[in-house]
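As stored in final_28.cif (mmCIF, C-alpha atoms):
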data_run
#
loop_
_atom_site.label_atom_id
_atom_site.label_comp_id
_atom_site.auth_asym_id
_atom_site.auth_seq_id
_atom_site.Cartn_x
_atom_site.Cartn_y
_atom_site.Cartn_z
CA MET Z 1386 0.00 0.00 0.00
CA ASN Z 1387 2.95 2.29 0.46
CA ASN Z 1388 3.05 2.41 -3.36
CA ILE Z 1389 -0.06 4.58 -3.54
CA LEU Z 1390 1.44 7.05 -1.07
CA ILE Z 1391 4.65 7.18 -3.09
CA PHE Z 1392 2.51 7.86 -6.13
CA ILE Z 1393 0.71 10.71 -4.31
CA PHE Z 1394 4.10 12.05 -3.19
CA PHE Z 1395 5.15 12.42 -6.83
CA ILE Z 1396 1.81 14.07 -7.64
CA ALA Z 1397 2.57 16.63 -4.91
CA ILE Z 1398 6.00 17.24 -6.47
CA PHE Z 1399 4.35 17.68 -9.87
CA ALA Z 1400 1.89 20.15 -8.29
CA LYS Z 1401 4.83 22.09 -6.87
CA PHE Z 1402 6.40 22.44 -10.32
CA PHE Z 1403 3.01 23.20 -11.91
CA MET Z 1404 2.55 26.13 -9.52
CA LEU Z 1405 6.09 27.33 -10.23
CA PHE Z 1406 5.54 27.45 -14.00
CA ASN Z 1407 2.01 28.87 -13.77
CA LYS Z 1408 2.67 31.52 -11.14
CA LYS Z 1409 1.22 34.34 -13.27
CA LYS Z 1410 -2.18 32.64 -13.47
CA PHE Z 1411 -2.80 33.16 -9.75
CA SER Z 1412 -2.94 36.19 -7.50
CA LYS Z 1413 -0.06 36.56 -5.05
CA ASP Z 1414 -2.17 35.55 -2.03
CA LYS Z 1415 -3.70 32.59 -3.86
CA TYR Z 1416 -0.28 31.42 -5.07
CA ILE Z 1417 1.14 31.54 -1.53
CA ASN Z 1418 -1.91 29.74 -0.11
CA ILE Z 1419 -1.81 26.91 -2.66
CA ASN Z 1420 1.94 26.43 -2.12
CA GLN Z 1421 1.40 26.24 1.63
CA ARG Z 1422 -1.28 23.61 1.04
CA ILE Z 1423 1.10 21.56 -1.12
CA ASP Z 1424 3.89 21.81 1.49
CA THR Z 1425 1.48 20.65 4.19
CA TRP Z 1426 0.51 17.74 1.96
CA PHE Z 1427 4.05 16.38 2.14
CA ILE Z 1428 3.67 16.22 5.94
CA ILE Z 1429 0.22 14.58 5.66
CA ILE Z 1430 1.57 11.97 3.21
CA PHE Z 1431 4.41 11.11 5.60
CA ILE Z 1432 2.02 10.73 8.56
CA ILE Z 1433 -0.36 8.48 6.59
CA PHE Z 1434 2.68 6.52 5.35
CA ILE Z 1435 3.68 5.73 8.94
CA ALA Z 1436 0.08 4.79 9.83
CA SER Z 1437 -0.16 2.46 6.82
CA PHE Z 1438 2.24 -0.09 8.36
CA SER Z 1439 -0.22 -1.56 10.86
CA ARG Z 1440 -3.77 -1.33 12.17
CA VAL Z 1441 -2.47 -0.25 15.58
CA LYS Z 1442 -0.59 2.71 14.08
CA LEU Z 1443 -3.69 3.69 12.10
CA ILE Z 1444 -5.86 3.62 15.24
CA ILE Z 1445 -3.27 5.67 17.14
CA LEU Z 1446 -3.28 8.22 14.30
CA PHE Z 1447 -7.08 8.48 14.35
CA SER Z 1448 -7.07 8.74 18.14
CA LEU Z 1449 -4.75 11.74 17.84
CA ILE Z 1450 -6.87 13.23 15.04
CA SER Z 1451 -10.03 12.81 17.14
CA TYR Z 1452 -8.40 14.50 20.13
CA LEU Z 1453 -7.15 17.48 18.12
CA ALA Z 1454 -10.48 17.76 16.30
CA CYS Z 1455 -12.34 17.76 19.64
CA ARG Z 1456 -10.08 20.52 20.95
CA GLU Z 1457 -10.55 22.62 17.81
CA PHE Z 1458 -14.30 22.05 17.74
CA SER Z 1459 -14.46 23.14 21.38
CA TYR Z 1460 -12.64 26.36 20.45
CA LEU Z 1461 -14.90 26.78 17.43
CA THR Z 1462 -18.09 26.49 19.49
CA GLU Z 1463 -16.64 28.55 22.33
CA ILE Z 1464 -16.63 25.85 24.98
CA ARG Z 1465 -14.31 26.59 27.87
CA ILE Z 1466 -11.80 23.75 28.08
CA ASN Z 1467 -11.31 22.40 31.62
CA PHE Z 1468 -10.15 19.17 33.23
CA LYS Z 1469 -13.62 17.63 33.08
CA ILE Z 1470 -13.93 18.26 29.33
CA ILE Z 1471 -10.42 16.95 28.61
CA PHE Z 1472 -11.02 13.87 30.74
CA LEU Z 1473 -14.29 13.13 28.96
CA ILE Z 1474 -12.72 13.55 25.50
CA VAL Z 1475 -9.74 11.31 26.32
CA LEU Z 1476 -11.95 8.68 27.99
CA ASN Z 1477 -14.32 8.54 25.02
CA ILE Z 1478 -11.44 8.30 22.56
CA PHE Z 1479 -9.80 5.51 24.56
CA LEU Z 1480 -13.00 3.47 24.94
CA PHE Z 1481 -14.19 4.00 21.37
CA TYR Z 1482 -10.93 2.99 19.69
CA CYS Z 1483 -10.51 0.07 22.11
CA SER Z 1484 -13.95 -1.11 21.00
CA VAL Z 1485 -12.77 -0.83 17.38
CA TYR Z 1486 -9.51 -2.69 17.96
CA PHE Z 1487 -10.99 -5.46 20.12
CA LYS Z 1488 -14.24 -5.53 18.09
CA SER Z 1489 -16.21 -5.23 21.31
CA PRO Z 1490 -19.68 -3.62 21.21
CA VAL Z 1491 -19.74 -3.80 25.01
CA ILE Z 1492 -16.92 -1.26 25.28
CA PHE Z 1493 -18.71 0.97 22.79
CA ILE Z 1494 -21.91 0.83 24.87
CA LEU Z 1495 -19.89 1.72 27.97
CA THR Z 1496 -18.55 4.73 26.09
CA CYS Z 1497 -22.05 5.97 25.33
CA ILE Z 1498 -23.29 5.37 28.90
CA ASN Z 1499 -20.23 7.13 30.34
CA THR Z 1500 -20.90 10.16 28.14
CA LEU Z 1501 -24.55 10.42 29.17
CA ILE Z 1502 -23.92 9.94 32.91
CA ILE Z 1503 -21.11 12.48 33.17
CA PHE Z 1504 -23.04 15.14 31.28
CA ILE Z 1505 -26.47 14.92 32.87
CA ASN Z 1506 -25.99 18.24 34.70
CA SER Z 1507 -23.75 20.03 32.23
CA LYS Z 1508 -24.83 23.44 30.88
CA GLU Z 1509 -22.92 22.77 27.68
CA ARG Z 1510 -24.07 19.15 27.32
CA LYS Z 1511 -25.55 19.58 23.83
CA LYS Z 1512 -22.40 21.15 22.38
CA VAL Z 1513 -20.10 18.58 23.97
CA LEU Z 1514 -22.21 15.64 22.83
CA ILE Z 1515 -22.16 17.02 19.26
CA ILE Z 1516 -18.37 17.37 19.43
CA LEU Z 1517 -17.88 13.82 20.73
CA PHE Z 1518 -20.31 12.38 18.19
CA ILE Z 1519 -18.73 14.12 15.18
CA CYS Z 1520 -15.03 14.08 16.12
CA ILE Z 1521 -14.84 10.59 17.62
CA TYR Z 1522 -17.74 8.35 16.59
CA MET Z 1523 -18.23 9.69 13.04
CA LEU Z 1524 -14.59 10.45 12.17
CA GLY Z 1525 -13.38 7.17 13.63
CA ALA Z 1526 -16.00 4.94 12.03
CA ILE Z 1527 -13.79 4.18 9.03
CA THR Z 1528 -11.28 2.40 11.30
CA THR Z 1529 -13.82 -0.41 11.74
CA ILE Z 1530 -13.01 -1.56 8.18
CA GLU Z 1531 -10.72 -4.59 8.37
CA ASN Z 1532 -8.81 -3.95 5.15
CA LEU Z 1533 -6.05 -1.47 6.02
CA ASN Z 1534 -5.10 -0.96 2.37
CA LEU Z 1535 -8.70 -0.07 1.56
CA ILE Z 1536 -8.81 2.55 4.33
CA ILE Z 1537 -5.59 4.17 3.08
CA SER Z 1538 -6.90 4.15 -0.50
CA PHE Z 1539 -10.11 5.91 0.51
CA LEU Z 1540 -8.23 8.42 2.66
CA VAL Z 1541 -6.13 9.28 -0.39
CA LEU Z 1542 -9.19 9.59 -2.66
CA ILE Z 1543 -11.12 11.73 -0.14
CA GLU Z 1544 -8.17 14.07 0.28
CA LEU Z 1545 -7.63 14.20 -3.49
CA ASN Z 1546 -11.29 15.16 -3.87
CA ASP Z 1547 -10.66 18.15 -1.60
CA ILE Z 1548 -7.73 19.21 -3.76
CA PHE Z 1549 -9.63 18.68 -7.02
CA GLN Z 1550 -12.60 20.70 -5.77
CA TYR Z 1551 -10.32 23.48 -4.58
CA ILE Z 1552 -8.37 23.71 -7.86
CA SER Z 1553 -11.45 23.34 -10.09
CA GLY Z 1554 -13.26 26.00 -8.08
CA ASN Z 1555 -10.34 28.42 -8.35
CA LEU Z 1556 -9.85 27.89 -12.07
CA PHE Z 1557 -13.44 27.63 -13.29
CA GLY Z 1558 -15.73 28.49 -10.37
CA LYS Z 1559 -18.56 30.95 -11.07
CA ILE Z 1560 -21.82 29.52 -9.70
CA LYS Z 1561 -21.78 29.71 -5.90
CA ILE Z 1562 -23.59 26.86 -4.14
CA THR Z 1563 -23.60 28.20 -0.58
CA PRO Z 1564 -22.80 31.93 -0.83
CA ILE Z 1565 -23.56 32.54 2.86
CA LEU Z 1566 -22.04 29.49 4.57
CA SER Z 1567 -19.04 29.04 2.28
CA PRO Z 1568 -18.71 31.67 -0.50
CA ASN Z 1569 -15.78 29.88 -2.16
CA LYS Z 1570 -17.75 26.69 -2.84
CA THR Z 1571 -18.89 26.59 -6.46
CA LEU Z 1572 -20.80 24.15 -8.65
CA GLU Z 1573 -17.85 23.95 -11.02
CA GLY Z 1574 -15.55 23.05 -8.12
CA LEU Z 1575 -17.92 20.34 -6.91
CA LEU Z 1576 -18.39 18.82 -10.39
CA GLY Z 1577 -14.65 19.01 -11.10
CA GLY Z 1578 -13.96 17.19 -7.83
CA ILE Z 1579 -16.50 14.46 -8.62
CA LEU Z 1580 -15.14 13.95 -12.14
CA LEU Z 1581 -11.43 13.94 -11.27
CA THR Z 1582 -11.92 11.80 -8.13
CA SER Z 1583 -13.91 9.26 -10.16
CA ILE Z 1584 -11.12 9.08 -12.74
CA SER Z 1585 -8.50 8.76 -9.99
CA SER Z 1586 -10.47 5.94 -8.34
CA ILE Z 1587 -10.30 3.88 -11.54
CA PHE Z 1588 -6.52 4.25 -11.54
CA VAL Z 1589 -6.33 3.34 -7.81
CA LYS Z 1590 -8.55 0.27 -8.33
CA ILE Z 1591 -6.47 -1.01 -11.26
CA PHE Z 1592 -3.04 -0.52 -9.70
CA PHE Z 1593 -3.46 -0.44 -5.91
CA GLU Z 1594 -6.73 -1.69 -4.37
CA LYS Z 1595 -9.11 -4.04 -6.19
CA THR Z 1596 -11.90 -3.94 -3.57
CA ILE Z 1597 -12.81 -0.29 -4.19
CA ILE Z 1598 -16.44 0.05 -5.32
CA LEU Z 1599 -16.29 2.54 -8.18
CA SER Z 1600 -20.03 3.25 -8.22
CA ILE Z 1601 -19.89 4.95 -4.80
CA ILE Z 1602 -17.06 7.36 -5.68
CA PRO Z 1603 -19.32 10.23 -6.91
CA LEU Z 1604 -21.29 9.97 -3.65
CA ILE Z 1605 -18.04 10.04 -1.65
CA ALA Z 1606 -17.03 13.24 -3.43
CA LEU Z 1607 -20.45 14.75 -2.62
CA LEU Z 1608 -20.30 13.64 1.04
CA GLY Z 1609 -16.85 15.22 1.30
CA PHE Z 1610 -18.37 18.48 0.12
CA LEU Z 1611 -21.22 18.19 2.67
CA GLY Z 1612 -18.74 17.58 5.50
CA ASP Z 1613 -16.97 20.79 4.55
CA ILE Z 1614 -20.30 22.64 4.55
CA LEU Z 1615 -21.16 21.26 8.00
CA ILE Z 1616 -18.00 22.70 9.55
CA SER Z 1617 -18.52 25.92 7.58
CA TYR Z 1618 -21.93 26.19 9.26
CA PHE Z 1619 -20.31 26.17 12.70
CA LYS Z 1620 -17.64 28.63 11.57
CA ARG Z 1621 -20.31 31.01 10.30
CA LYS Z 1622 -22.44 30.55 13.41
CA TYR Z 1623 -19.56 31.39 15.76
CA GLN Z 1624 -17.86 33.84 13.35
CA LYS Z 1625 -14.56 31.97 12.99
CA LYS Z 1626 -12.46 31.89 9.81
CA ASP Z 1627 -10.68 28.60 10.52
CA SER Z 1628 -10.99 25.89 13.16
CA GLY Z 1629 -7.30 26.28 14.01
CA THR Z 1630 -3.84 27.21 12.72
CA LEU Z 1631 -1.97 23.91 12.98
CA LEU Z 1632 -1.69 23.27 9.21
CA LYS Z 1633 -0.37 26.07 7.00
CA GLY Z 1634 -2.69 26.87 4.13
CA HIS Z 1635 -5.38 24.56 5.48
CA GLY Z 1636 -6.24 25.96 8.90
CA GLY Z 1637 -6.69 23.37 11.62
CA ILE Z 1638 -6.99 19.59 11.74
CA LEU Z 1639 -10.77 19.91 11.59
CA ASP Z 1640 -10.49 21.89 8.35
CA ARG Z 1641 -8.44 19.05 6.88
CA VAL Z 1642 -10.62 16.10 7.98
CA ASP Z 1643 -14.08 17.66 7.61
CA SER Z 1644 -14.59 15.79 4.31
CA LEU Z 1645 -14.17 12.54 6.24
CA ILE Z 1646 -17.03 13.15 8.69
CA PHE Z 1647 -19.88 11.71 6.60
CA ASN Z 1648 -17.65 9.55 4.42
CA SER Z 1649 -16.23 7.65 7.37
CA VAL Z 1650 -19.68 6.52 8.52
CA PHE Z 1651 -20.85 5.81 4.96
CA LEU Z 1652 -17.83 3.64 4.11
CA ALA Z 1653 -18.00 1.78 7.42
CA LEU Z 1654 -21.64 0.89 6.69
CA ILE Z 1655 -21.01 -0.05 3.04
CA TYR Z 1656 -18.14 -2.42 3.84
CA ALA Z 1657 -19.89 -3.89 6.87
CA LEU Z 1658 -22.82 -5.08 4.72
#
What's the C-alpha cells form of this structure?
Amino acid sequence: MNNILIFIFFIAIFAKFFMLFNKKKFSKDKYININQRIDTWFIIIFIIFIASFSRVKLIILFSLISYLACREFSYLTEIRINFKIIFLIVLNIFLFYCSVYFKSPVIFILTCINTLIIFINSKERKKVLIILFICIYMLGAITTIENLNLIISFLVLIELNDIFQYISGNLFGKIKITPILSPNKTLEGLLGGILLTSISSIFVKIFFEKTIILSIIPLIALLGFLGDILISYFKRKYQKKDSGTLLKGHGGILDRVDSLIFNSVFLALIYAL
C-alpha cells in the first residue's frame, strides 16, 4: 500500500512544479496559499505513510486526530476547556478505539453510557455531545473496516477530492452553491472534484486496491463536500475563519478532515454489509 502514497508524493511534487511554472495565473495571495497547502501535503503523506504499516498505528493516528479535532471544535463552538472536558474527551477516545480494535460492542456501549452519565448536569451538554459524536464516533467509524489498504486508499481519494474541488473551483468556479455558509464553494468546483476523483479511483482500483467500489465514488465526493459545509456552518455561526492554525494553508486539523465526517460513517456501513 505504500506504493499509492509514493505515487501521491510524486503528484505533490508535480503540483509544486506546476505552480512554479504557472505563477502568473494566480494572485499573489492565492499562489502563496496553494503552495502552503502543497507543502502541508508532504507532511500529511508522511504521517499516513507511517500509519499504513499496521492497524495499531492507524488507530493511534485516528485517536490523535479525534483528540485534536475535539479541541478545535471546542474552540470553534466557544466551549471553555477544563479538566472535566479533557477527561471526557480522552476517555471517550480511549473506549471507542478500544472497541474498534478489540471488536467489542460492550466497550462501545460503555462509552455511550459514560458520556450520558457524566453530562447529565452540564450546561454545555448539547455542544459537547455534538463534538464527541462528530469528532470521535463519526470520524473514527472508518477504522472499523478490516482492510487497512482499503482505508488508506479511501483516505487518499477523499483528500484528493478536496484538492480537485479546490483547484477546479479556483480555475473555473462561477456559480456559488452556498454563498452565505461558504462563498468559495462553487458548482464547477464540486463537479470538477467528482469527475477527477472518479477518474483517480479507476486508476487506484487497477493498480493499488481491487476492492474499491467505483459506483460509490461520486457519492463520496459529494459527502466530502457536505462535510466541509457542516464545519462551515459552525464557523459562520460562531464567526470563525478557521478551526485552528496547525496546518499552514489549510487551517486546523478539523479543516483538513471535515470531508471525512460523513464519508467515514458511509464507508463503514457499506463495507460492513
Distance query 8 Å from (-22.4, 31.2, 4.8) using only C-alpha atoms, result as number ranges by chain: Z: 1563-1568, 1617-1618, 1621
task: Write out as an MDAnalysis selection string each polymer residue whose atoms come within 9 Å of Ser1649 in chain Z, counting all atoms listed in the file; drop sequence neighbours fewer than 6 positions from it.
output: chainID Z and resid 1523:1528
query: Which residue gives the smallest distance to Ile1601 in chain Z among Z:Gly1637, Z:Leu1581, Z:Phe1651, Z:Ile1552, with all atoms listed in the file counted?
result: Z:Phe1651
query: Using only C-alpha atoms, which residue out of Z:Leu1446, Z:Ile1470, Z:Leu1533, Z:Ile1591 lies closest to Leu1514 in chain Z?
result: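 Smallest distance to Leu1514 in chain Z is found for Z:Ile1470.
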message: Need the shell around Asp1424 in chain Z: protein/DNA/RNA residues with any atom at most 12 Å away, counting all atoms listed in the file. Skip same-chain ones fewer than 3 positions apart. Format as a ChimeraX atom specification?
response: /Z:1394,1397-1398,1400-1401,1404,1417-1421,1427-1431,1632-1635
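If you look at CA of Leu1556 in chain Z and CA of Asp1414 in chain Z, they are 14.8 Å away from each other.
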message: With the PyMOL selection byres ((chain Z and resi 1522) around 10) as the selection, what would be picked from this file? Answer as an MDAnalysis selection string, please.
response: chainID Z and resid 1451 1477:1478 1481:1482 1493 1516:1521 1523:1527 1646 1649:1650
Skip Leu1580 in chain Z itself and residues of its chain fewer than 4 positions away, then list as a PDB file with C-alpha atoms, in the frame of the given file all residues within 9 Å of it, counting all atoms listed in the file.
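The resulting file, around-v5.pdb, is shown below:
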ATOM      1  CA  PHE Z1549      -9.630  18.680  -7.020  1.00  0.00           C
ATOM      2  CA  LEU Z1575     -17.920  20.340  -6.910  1.00  0.00           C
ATOM      3  CA  LEU Z1576     -18.390  18.820 -10.390  1.00  0.00           C
ATOM      4  CA  ILE Z1584     -11.120   9.080 -12.740  1.00  0.00           C
ATOM      5  CA  SER Z1585      -8.500   8.760  -9.990  1.00  0.00           C
ATOM      6  CA  PRO Z1603     -19.320  10.230  -6.910  1.00  0.00           C
ATOM      7  CA  ALA Z1606     -17.030  13.240  -3.430  1.00  0.00           C
TER       8      ALA Z1606
END
message: Selection in question (the file shown): the PyMOL selection byres ((chain Z and resi 1612-1614) around 6). Which residues does it include, as a list in words?
response: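 Evaluating the PyMOL selection byres ((chain Z and resi 1612-1614) around 6) on this file yields Gly1609, Phe1610, Leu1611, Leu1615, Ile1616, Ser1617, Asp1643, Ser1644 and Ile1646 of chain Z.
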task: I would like the residues chosen by the PyMOL selection byres ((chain Z and resi 1592-1600) around 8) on the shown file; could you give them as an NGL selection string?
output: :Z and (1386 or 1388-1389 or 1534-1535 or 1538 or 1583 or 1586-1591 or 1601-1603)
task: Check the smallest atom-to-atom distance from each of Z:Lys1415, Z:Lys1570, Z:Arg1440, Z:Arg1465 to Lys1512 in chain Z using only C-alpha atoms, then report the winner.
output: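 Of Z:Lys1415, Z:Lys1570, Z:Arg1440, Z:Arg1465, the one nearest Lys1512 in chain Z, counting only C-alpha atoms, is Z:Arg1465.
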task: Show which residues sit within 8 Å of range 1456-1464 of chain Z, as number ranges by chain. Count all atoms listed in the file, and ignore same-chain residues fewer than 3 positions away.
output: Z: 1452-1453, 1509, 1512-1513, 1516, 1619-1620, 1623, 1625, 1628-1629, 1637-1639
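In this comparison, which uses all atoms listed in the file, the residue of Z:Thr1529, Z:Gln1550, Z:Thr1425, Z:Gln1624 approaching Leu1443 in chain Z most closely is Z:Thr1529.
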Residue with smallest distance to Ile1530 in chain Z - pool Z:Tyr1551, Z:Tyr1486, Z:Phe1434, Z:Phe1472, counting only C-alpha atoms: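 Looking at the shortest contact to Ile1530 in chain Z, the residue is Z:Tyr1486.
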task: Please indicate the distance in Å from CA of Tyr1416 in chain Z to CA of Asn1555 in chain Z, rounded to one decimal place.
output: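 It comes out at 11.0 Å.
Distance-wise, CA of Val1475 in chain Z and CA of Ile1537 in chain Z end up 24.7 Å apart.
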